[in-house]
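Novice: The structure's right below; bear with me while I get my questions together.
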Amino acid sequence: MSKYYQTADDFYALVGELFKSIPDNPKVSGKLLSMRLVLRGVCEDPVAELTMDASDGKEIKIFLGPCDVKPTVEIIGNGDNYHLFWLGRKNLMLAITKGEVKAKGPYTALMKILPLLSPLFKTYQKIVEEKNPELLDTTKK
């Protein structure tokens, strides 16, 4: 069981909120739109799924839960890895190398996406501070 998200609703309340903020973040959204890709995050514990669709290059659509949009890149991991990554405390490429997280799709696309996501770390931290501040202390878990 995830230390940070007990249910899919807990996951969506934090990571889902972060994904919903992406279209309004000009540091991230413009670059993602220019890449015209679909990023899917699959959480295995708790079971949850998020999709960011920028494939038309005009608008970013966010889906919380399963959807029929085919991802360009899919990242699969547990809730603990998602939480630590979005706080900026887990290196995703290292986690993939260690087998803690799986990735599907072209690694070149993944390598281009990752640097674009780092401005979202502060956004996620603010969301956690507002909704569940005790989750910022990852040393007690």
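Chain labels follow the order of the structure tokens: the first chain is A, the next B, and so on; residue numbering restarts at 1 in every chain, and ligands are counted from 1 in their shown order.
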List as a PyMOL selection string the protein and nucleic acid residues near Tyr107 of chain A, meaning an atom at most 12 Å away when only C-alpha atoms are counted, but skip any in the same chain fewer than 2 places from it.

Specialist: chain A and resi 72-75+93+96+102-105+109-114

Novice: Please save N, CA and C atoms of the selected residues as a PDB file, in the first residue's frame.

Specialist:
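The result, stored in selection28.pdb:
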ATOM      1  N   THR A  72       1.652   8.594 -26.131  1.00  0.00           N
ATOM      2  CA  THR A  72       2.968   8.572 -26.762  1.00  0.00           C
ATOM      3  C   THR A  72       3.958   7.959 -25.787  1.00  0.00           C
ATOM      4  N   VAL A  73       3.867   8.421 -24.536  1.00  0.00           N
ATOM      5  CA  VAL A  73       4.729   7.950 -23.456  1.00  0.00           C
ATOM      6  C   VAL A  73       3.840   7.597 -22.269  1.00  0.00           C
ATOM      7  N   GLU A  74       4.148   6.458 -21.671  1.00  0.00           N
ATOM      8  CA  GLU A  74       3.403   6.009 -20.496  1.00  0.00           C
ATOM      9  C   GLU A  74       4.396   5.720 -19.374  1.00  0.00           C
ATOM     10  N   ILE A  75       4.125   6.258 -18.198  1.00  0.00           N
ATOM     11  CA  ILE A  75       4.975   6.038 -17.031  1.00  0.00           C
ATOM     12  C   ILE A  75       4.145   5.273 -16.011  1.00  0.00           C
ATOM     13  N   MET A  93      14.605   8.907 -14.222  1.00  0.00           N
ATOM     14  CA  MET A  93      15.438   8.050 -15.073  1.00  0.00           C
ATOM     15  C   MET A  93      16.177   7.007 -14.235  1.00  0.00           C
ATOM     16  N   ILE A  96      13.690   4.348 -13.294  1.00  0.00           N
ATOM     17  CA  ILE A  96      13.429   3.452 -14.433  1.00  0.00           C
ATOM     18  C   ILE A  96      14.578   2.459 -14.555  1.00  0.00           C
ATOM     19  N   LYS A 102       8.330   1.895 -14.570  1.00  0.00           N
ATOM     20  CA  LYS A 102       8.423   1.427 -15.957  1.00  0.00           C
ATOM     21  C   LYS A 102       8.005   2.561 -16.889  1.00  0.00           C
ATOM     22  N   ALA A 103       8.567   2.545 -18.074  1.00  0.00           N
ATOM     23  CA  ALA A 103       8.189   3.532 -19.093  1.00  0.00           C
ATOM     24  C   ALA A 103       7.939   2.807 -20.400  1.00  0.00           C
ATOM     25  N   LYS A 104       6.906   3.229 -21.098  1.00  0.00           N
ATOM     26  CA  LYS A 104       6.596   2.699 -22.424  1.00  0.00           C
ATOM     27  C   LYS A 104       6.593   3.868 -23.399  1.00  0.00           C
ATOM     28  N   GLY A 105       7.048   3.593 -24.595  1.00  0.00           N
ATOM     29  CA  GLY A 105       7.095   4.633 -25.615  1.00  0.00           C
ATOM     30  C   GLY A 105       8.529   4.998 -25.910  1.00  0.00           C
ATOM     31  N   ALA A 109      11.364  10.762 -26.561  1.00  0.00           N
ATOM     32  CA  ALA A 109      10.256  11.633 -26.143  1.00  0.00           C
ATOM     33  C   ALA A 109      10.273  11.811 -24.627  1.00  0.00           C
ATOM     34  N   LEU A 110      10.519  10.728 -23.907  1.00  0.00           N
ATOM     35  CA  LEU A 110      10.590  10.802 -22.449  1.00  0.00           C
ATOM     36  C   LEU A 110      11.706  11.751 -22.010  1.00  0.00           C
ATOM     37  N   MET A 111      12.855  11.660 -22.652  1.00  0.00           N
ATOM     38  CA  MET A 111      13.995  12.511 -22.304  1.00  0.00           C
ATOM     39  C   MET A 111      13.698  13.990 -22.588  1.00  0.00           C
ATOM     40  N   LYS A 112      12.854  14.254 -23.591  1.00  0.00           N
ATOM     41  CA  LYS A 112      12.478  15.641 -23.893  1.00  0.00           C
ATOM     42  C   LYS A 112      11.433  16.162 -22.914  1.00  0.00           C
ATOM     43  N   ILE A 113      10.564  15.279 -22.443  1.00  0.00           N
ATOM     44  CA  ILE A 113       9.481  15.683 -21.539  1.00  0.00           C
ATOM     45  C   ILE A 113      10.002  15.983 -20.140  1.00  0.00           C
ATOM     46  N   LEU A 114      10.888  15.154 -19.633  1.00  0.00           N
ATOM     47  CA  LEU A 114      11.304  15.267 -18.234  1.00  0.00           C
ATOM     48  C   LEU A 114      11.788  16.655 -17.829  1.00  0.00           C
TER      49      LEU A 114
END

Novice: Would you pick out the contacts of Val38 of chain A at 10 Å or less, using only C-alpha atoms, so that residues sharing its chain but fewer than 4 positions from it are not included, and give the list as JSON, numbers by chain?

Specialist: {"A": [32, 33, 51, 52, 53, 54, 55, 56, 60, 61, 62, 69, 70, 71, 72, 73, 74]}

Novice: Write out as a PDB file with N, CA and C atoms, in the first residue's frame each polymer residue whose atoms come within 12 Å of Ala95 of chain A, counting only C-alpha atoms; drop sequence neighbours fewer than 3 positions from it.

Specialist:
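Dumped everything to part-v7.pdb:
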ATOM      1  N   ILE A  75       4.125   6.258 -18.198  1.00  0.00           N
ATOM      2  CA  ILE A  75       4.975   6.038 -17.031  1.00  0.00           C
ATOM      3  C   ILE A  75       4.145   5.273 -16.011  1.00  0.00           C
ATOM      4  N   ILE A  76       4.682   4.144 -15.557  1.00  0.00           N
ATOM      5  CA  ILE A  76       3.942   3.248 -14.674  1.00  0.00           C
ATOM      6  C   ILE A  76       4.735   3.063 -13.377  1.00  0.00           C
ATOM      7  N   GLY A  77       4.102   3.372 -12.274  1.00  0.00           N
ATOM      8  CA  GLY A  77       4.773   3.218 -10.987  1.00  0.00           C
ATOM      9  C   GLY A  77       3.774   3.215  -9.852  1.00  0.00           C
ATOM     10  N   ASN A  78       4.269   3.138  -8.625  1.00  0.00           N
ATOM     11  CA  ASN A  78       3.363   3.173  -7.486  1.00  0.00           C
ATOM     12  C   ASN A  78       3.231   4.607  -6.960  1.00  0.00           C
ATOM     13  N   ASP A  80       3.998   5.945  -4.148  1.00  0.00           N
ATOM     14  CA  ASP A  80       5.157   6.502  -3.452  1.00  0.00           C
ATOM     15  C   ASP A  80       6.143   7.122  -4.437  1.00  0.00           C
ATOM     16  N   ASN A  81       6.386   6.431  -5.549  1.00  0.00           N
ATOM     17  CA  ASN A  81       7.298   6.965  -6.560  1.00  0.00           C
ATOM     18  C   ASN A  81       6.742   8.237  -7.199  1.00  0.00           C
ATOM     19  N   TYR A  82       5.438   8.274  -7.461  1.00  0.00           N
ATOM     20  CA  TYR A  82       4.837   9.487  -8.028  1.00  0.00           C
ATOM     21  C   TYR A  82       4.992  10.659  -7.069  1.00  0.00           C
ATOM     22  N   LEU A  84       7.140  11.174  -4.577  1.00  0.00           N
ATOM     23  CA  LEU A  84       8.531  11.606  -4.438  1.00  0.00           C
ATOM     24  C   LEU A  84       9.027  12.295  -5.709  1.00  0.00           C
ATOM     25  N   PHE A  85       8.639  11.781  -6.880  1.00  0.00           N
ATOM     26  CA  PHE A  85       9.037  12.429  -8.133  1.00  0.00           C
ATOM     27  C   PHE A  85       8.495  13.855  -8.201  1.00  0.00           C
ATOM     28  N   ARG A  89      12.094  14.786  -5.418  1.00  0.00           N
ATOM     29  CA  ARG A  89      12.975  13.985  -4.561  1.00  0.00           C
ATOM     30  C   ARG A  89      13.296  12.607  -5.133  1.00  0.00           C
ATOM     31  N   LYS A  90      12.840  12.334  -6.335  1.00  0.00           N
ATOM     32  CA  LYS A  90      13.151  11.056  -6.984  1.00  0.00           C
ATOM     33  C   LYS A  90      13.508  11.327  -8.428  1.00  0.00           C
ATOM     34  N   ASN A  91      14.647  10.822  -8.838  1.00  0.00           N
ATOM     35  CA  ASN A  91      15.094  10.934 -10.218  1.00  0.00           C
ATOM     36  C   ASN A  91      14.390   9.850 -11.029  1.00  0.00           C
ATOM     37  N   LEU A  92      13.546  10.262 -11.955  1.00  0.00           N
ATOM     38  CA  LEU A  92      12.737   9.301 -12.701  1.00  0.00           C
ATOM     39  C   LEU A  92      13.593   8.375 -13.563  1.00  0.00           C
ATOM     40  N   LYS A  98      16.528   1.380 -12.246  1.00  0.00           N
ATOM     41  CA  LYS A  98      16.482   0.430 -11.129  1.00  0.00           C
ATOM     42  C   LYS A  98      15.274  -0.501 -11.190  1.00  0.00           C
ATOM     43  N   GLY A  99      14.349  -0.242 -12.114  1.00  0.00           N
ATOM     44  CA  GLY A  99      13.151  -1.061 -12.230  1.00  0.00           C
ATOM     45  C   GLY A  99      12.050  -0.667 -11.257  1.00  0.00           C
ATOM     46  N   GLU A 100      12.191   0.473 -10.586  1.00  0.00           N
ATOM     47  CA  GLU A 100      11.161   0.941  -9.658  1.00  0.00           C
ATOM     48  C   GLU A 100       9.965   1.537 -10.396  1.00  0.00           C
ATOM     49  N   VAL A 101      10.232   2.037 -11.590  1.00  0.00           N
ATOM     50  CA  VAL A 101       9.223   2.657 -12.447  1.00  0.00           C
ATOM     51  C   VAL A 101       9.432   2.099 -13.844  1.00  0.00           C
ATOM     52  N   LYS A 102       8.330   1.895 -14.570  1.00  0.00           N
ATOM     53  CA  LYS A 102       8.423   1.427 -15.957  1.00  0.00           C
ATOM     54  C   LYS A 102       8.005   2.561 -16.889  1.00  0.00           C
ATOM     55  N   ALA A 103       8.567   2.545 -18.074  1.00  0.00           N
ATOM     56  CA  ALA A 103       8.189   3.532 -19.093  1.00  0.00           C
ATOM     57  C   ALA A 103       7.939   2.807 -20.400  1.00  0.00           C
TER      58      ALA A 103
END

Novice: For the atom pair atom CA of Gln125 of chain A and atom CA of Thr108 of chain A, what is the interatomic distance in Å to one decimal place?

Specialist: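 Calculated distance between atom CA of Gln125 of chain A and atom CA of Thr108 of chain A is 27.5 Å.
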
Novice: Could you pull out the alpha helix (DSSP H) residues of chain A from DSSP and send them as a ChimeraX atom specification?

Specialist: /A:8-11,17-21,26-35,79-86,92-98,107-117,120-131

Novice: So that I can check the surroundings of segment 135-139 of chain A, please list as a PyMOL selection string every protein, DNA and RNA residue that reaches within 9 Å of it, counting only C-alpha atoms and ignoring chain neighbours fewer than 5 positions away.

Specialist: chain A and resi 4+83-84+87+125+128-129

Novice: Between A:Trp86, A:Leu117, A:Glu59, A:Lys131, which is the closest to Pro23 of chain A once you count only C-alpha atoms?

Specialist: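 Once distances to Pro23 of chain A are computed over only C-alpha atoms, the minimum belongs to A:Glu59.
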
Novice: Please list as a PyMOL selection string every residue within 6 Å of Phe121 of chain A, counting only C-alpha atoms and excluding residues in the same chain fewer than 2 positions away.

Specialist: chain A and resi 86-88+118-119+123-124

Novice: Extract, using only C-alpha atoms, all DNA, RNA and protein residues at most 8 Å from Ala48 of chain A, discarding same-chain residues fewer than 5 positions from it, and format them as a list in words.

Specialist: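 Result of the neighbour search: Ala8, Phe11, Tyr12, Val42, Cys43, Gly65 and Pro66 of chain A.
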
Novice: Identify, on the basis of only C-alpha atoms, every residue whose closest approach to Ile127 of chain A does not exceed 9 Å; exclude the query and any residue fewer than 6 positions from it along the same chain; express the result as a PyMOL selection string.

Specialist: chain A and resi 13-15+17-18+133
